[in-house]
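A.B. asks: First the structure, which I've put down as structure tokens, then a few questions once you've had a look.
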Amino acid sequence: MNVLNHLPNPSQRIALLLPCLNEELTLAKVIRDFRKYVPGIEVYVFDNGSTDRSAEIAREQKAQIIPVPQRGKGNVVRKMFETVDADIYIMVDSDDTYDASRVWELINPVLDDGIDMVVGSRVADSQGAYRKFHRLGNNLIMTLINTLFSSCFTDICSGYRVMSKNFVRNIPLLRDGFEVETELTVYSLINGFSVKEVPLPYGSRPENSFSKLRTFSDGYKVILTIVWLLRDTRPLLFFSLLSSLLFFGGVIPQRLSNPENLFLPLVLSFLSIAIFSTGLVLNTINVKFSEVQVLARRRNASREPNQIQNTFQKAA
């Protein structure tokens with residue numbers, strides 16, 4: 001790739017955000033690779049309590065180091081969004097499994113087409129890049145989200161993303177761990193942000209480098225996050241499913257097994273109706289809150305050009 005064809009506009013700040021926990025074997029290479037393909041990029045290393053030479057290597061590479069004492073990738077990403085001010089945000093893992101030479105395939109849709117978030121969908125280029133259960137878990141989560149939110153993603157948990165300033169400013173993040181990638185994807189769907197996937201090679205970690213992802217515990221947290229997000233963002237669907245489960249799994253079997261006992265089916269019926277009614281009320285509140293969010297984003301978007309114009313007038 002000819003880097004000269006992809007020189008960033010000097011007025012646009014492009015930030016590289018690197019979550020880091022004991023990545024001394026790969027951190028320097030990742031920083032050098034991205035600086036090679038994105039001249040002038042601002043590099044931020046978010047150290048999540050490394051006990052190896054990661055912080056020292058980041059200083060040697062003239063990167064800005066921001067400590068994040070609370071463990072968990074979700075805490076790191078939240079700190080990224082609160083700390084860094086830029087026009088384009090590149091977030092990528094520090095383990096050298098993603099291809100820096102393809103970064104402009106992720107940046108250009110944000111710059112040229114106004115896409116809010118571009119995700120590097122992982123295509124394993126070696127047998128050991130994906131662990132068996134990681135692939136299975138990713139496919140399960142991806143199928144669940146695509147079904148619940150009528151989407152067609154191919155990779156939910158990719159750690160290689162390019163995001164616009166508008167996206168970073170307006171996306172809420174609440175989870176602490178590796179489920180943050182799922183949260184980013186789901187919130188982009190429910191808040192109407194545009195998302196594009198670009199298939200990119202995904203390599204293996206180097207020897208003696210180990211993943212911090214715990215297959216079963218982190219997978220459980222991701223699935224639990226989807227349930228919470230469904231409850232918070234699709235309350236009518238969530239509570240309708242609960243109501244139907246209670247009615248068809250409780251009321252009907254009770255009536256069939258013991259027709260003379262009306263008390264328990266009656267109680268379960270009232271509970272089913274109450275749960276469904278809760279979903280209706282919460283759905284109405286959710287719709288109104290979404291309207292407020294859209295209007296607030298619109299006002300902020302219309303205010304920014306005026307602020308920029310005033311800045312130029314003062315400078316003149």
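Ligands are numbered from 1 in the order shown, residues from 1 within each chain, and chains are lettered A, B, ... in the order they appear in the structure tokens.
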Quick one: everything within 6 Å of stretch 34-48 of chain A, counting only C-alpha atoms, minus sequence neighbours fewer than 2 positions away in the same chain. Send it as a PyMOL selection string.

C.D. replies: chain A and resi 3+14-21+31-32+50+63-69+100

A.B. asks: If we count only C-alpha atoms, what is near A:Asp85 at a cut-off of 10 Å, once residues fewer than 5 positions away on the same chain are taken out, given as a ChimeraX atom specification?

C.D. replies: /A:13-15,80,165,168-169

A.B. asks: Using the chain letters and numbers from this document, which residues of stretch 22-83 of chain A does DSSP assign to strand (DSSP E), as a PDB file with N, CA and C atoms, in the first residue's frame?

C.D. replies:
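Final output, selection-v3.pdb:
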```
ATOM      1  N   GLU A  42      -1.897   9.968  16.626  1.00  0.00           N
ATOM      2  CA  GLU A  42      -1.663  10.133  18.056  1.00  0.00           C
ATOM      3  C   GLU A  42      -1.901   8.785  18.743  1.00  0.00           C
ATOM      4  N   VAL A  43      -0.905   8.311  19.469  1.00  0.00           N
ATOM      5  CA  VAL A  43      -0.958   6.969  20.057  1.00  0.00           C
ATOM      6  C   VAL A  43      -1.199   7.058  21.554  1.00  0.00           C
ATOM      7  N   TYR A  44      -2.239   6.355  22.012  1.00  0.00           N
ATOM      8  CA  TYR A  44      -2.574   6.309  23.435  1.00  0.00           C
ATOM      9  C   TYR A  44      -2.573   4.850  23.875  1.00  0.00           C
ATOM     10  N   VAL A  45      -1.790   4.542  24.906  1.00  0.00           N
ATOM     11  CA  VAL A  45      -1.750   3.200  25.482  1.00  0.00           C
ATOM     12  C   VAL A  45      -2.462   3.247  26.830  1.00  0.00           C
ATOM     13  N   PHE A  46      -3.515   2.468  26.949  1.00  0.00           N
ATOM     14  CA  PHE A  46      -4.294   2.423  28.185  1.00  0.00           C
ATOM     15  C   PHE A  46      -3.870   1.178  28.966  1.00  0.00           C
ATOM     16  N   ASP A  47      -3.030   1.417  29.963  1.00  0.00           N
ATOM     17  CA  ASP A  47      -2.420   0.326  30.726  1.00  0.00           C
ATOM     18  C   ASP A  47      -3.360  -0.123  31.828  1.00  0.00           C
ATOM     19  N   GLN A  64       1.464   8.118  24.539  1.00  0.00           N
ATOM     20  CA  GLN A  64       0.880   8.644  25.769  1.00  0.00           C
ATOM     21  C   GLN A  64       0.299   7.476  26.567  1.00  0.00           C
ATOM     22  N   ILE A  65       0.700   7.365  27.837  1.00  0.00           N
ATOM     23  CA  ILE A  65       0.263   6.260  28.683  1.00  0.00           C
ATOM     24  C   ILE A  65      -0.816   6.757  29.643  1.00  0.00           C
ATOM     25  N   ILE A  66      -1.937   6.070  29.646  1.00  0.00           N
ATOM     26  CA  ILE A  66      -3.037   6.419  30.541  1.00  0.00           C
ATOM     27  C   ILE A  66      -3.359   5.188  31.377  1.00  0.00           C
ATOM     28  N   PRO A  67      -3.093   5.222  32.671  1.00  0.00           N
ATOM     29  CA  PRO A  67      -3.379   4.057  33.524  1.00  0.00           C
ATOM     30  C   PRO A  67      -4.877   3.903  33.780  1.00  0.00           C
TER      31      PRO A  67
END
```

A.B. asks: For a quick check of understanding, using only C-alpha atoms, which of A:Gln70, A:Asn75, A:Asn108, A:Ser240 has the smallest distance to A:Gly49?

C.D. replies: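 Residue with the minimum atom-to-atom distance to A:Gly49: A:Gln70.
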
A.B. asks: Fewer than 4 positions away in the same chain doesn't count, so skip those; otherwise give me all residues within 9 Å of A:Leu246, counting only C-alpha atoms, as a ChimeraX atom specification.

C.D. replies: /A:241-242,250-251,268-269,271-272

A.B. asks: Given the selection you just returned, output its residues as a file containing N, CA, C and O atoms, formatted as a CSV table (one decimal), in the first residue's frame.

C.D. replies:
```csv
chain,number,residue,atom,x,y,z
A,241,LEU,N,-42.1,-12.0,25.9
A,241,LEU,CA,-41.5,-13.4,25.9
A,241,LEU,C,-41.7,-14.0,27.3
A,241,LEU,O,-42.1,-15.1,27.4
A,242,LEU,N,-41.4,-13.2,28.3
A,242,LEU,CA,-41.6,-13.6,29.7
A,242,LEU,C,-43.1,-14.0,30.0
A,242,LEU,O,-43.4,-15.0,30.6
A,250,GLY,N,-47.1,-22.2,32.3
A,250,GLY,CA,-47.6,-22.4,33.7
A,250,GLY,C,-49.2,-22.5,33.7
A,250,GLY,O,-49.7,-23.5,34.2
A,251,VAL,N,-49.9,-21.5,33.1
A,251,VAL,CA,-51.3,-21.5,33.1
A,251,VAL,C,-51.9,-22.7,32.4
A,251,VAL,O,-52.7,-23.5,33.0
A,268,LEU,N,-51.4,-17.1,38.0
A,268,LEU,CA,-50.4,-17.0,37.0
A,268,LEU,C,-50.9,-16.2,35.8
A,268,LEU,O,-50.1,-15.5,35.2
A,269,SER,N,-52.2,-16.2,35.5
A,269,SER,CA,-52.8,-15.4,34.4
A,269,SER,C,-52.6,-13.9,34.8
A,269,SER,O,-52.2,-13.1,33.9
A,271,LEU,N,-50.4,-12.6,36.8
A,271,LEU,CA,-49.0,-12.3,36.7
A,271,LEU,C,-48.5,-12.1,35.2
A,271,LEU,O,-47.8,-11.2,34.9
A,272,SER,N,-49.0,-13.0,34.3
A,272,SER,CA,-48.7,-12.9,32.9
A,272,SER,C,-49.2,-11.5,32.3
A,272,SER,O,-48.5,-10.9,31.6
```

A.B. asks: So, with only C-alpha atoms as the atoms that count, which of A:Val227, A:Val195, A:Ala55, A:Leu189 lies closest to A:Asp113?

C.D. replies: A:Val195

A.B. asks: Compare A:Lys79, A:Ile223, A:Pro172, A:Ser194 by their minimum atom-to-atom distance to A:Asn138, counting only C-alpha atoms, and give me the closest one.

C.D. replies: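 Counting only C-alpha atoms, the residue closest to A:Asn138 is A:Ile223.
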
A.B. asks: My list of candidates is A:Val77, A:Leu245, A:Asp87, A:Glu24. Which is closest to A:Arg59 when distances are computed with only C-alpha atoms?

C.D. replies: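 For A:Arg59, the nearest of the given residues is A:Glu24.
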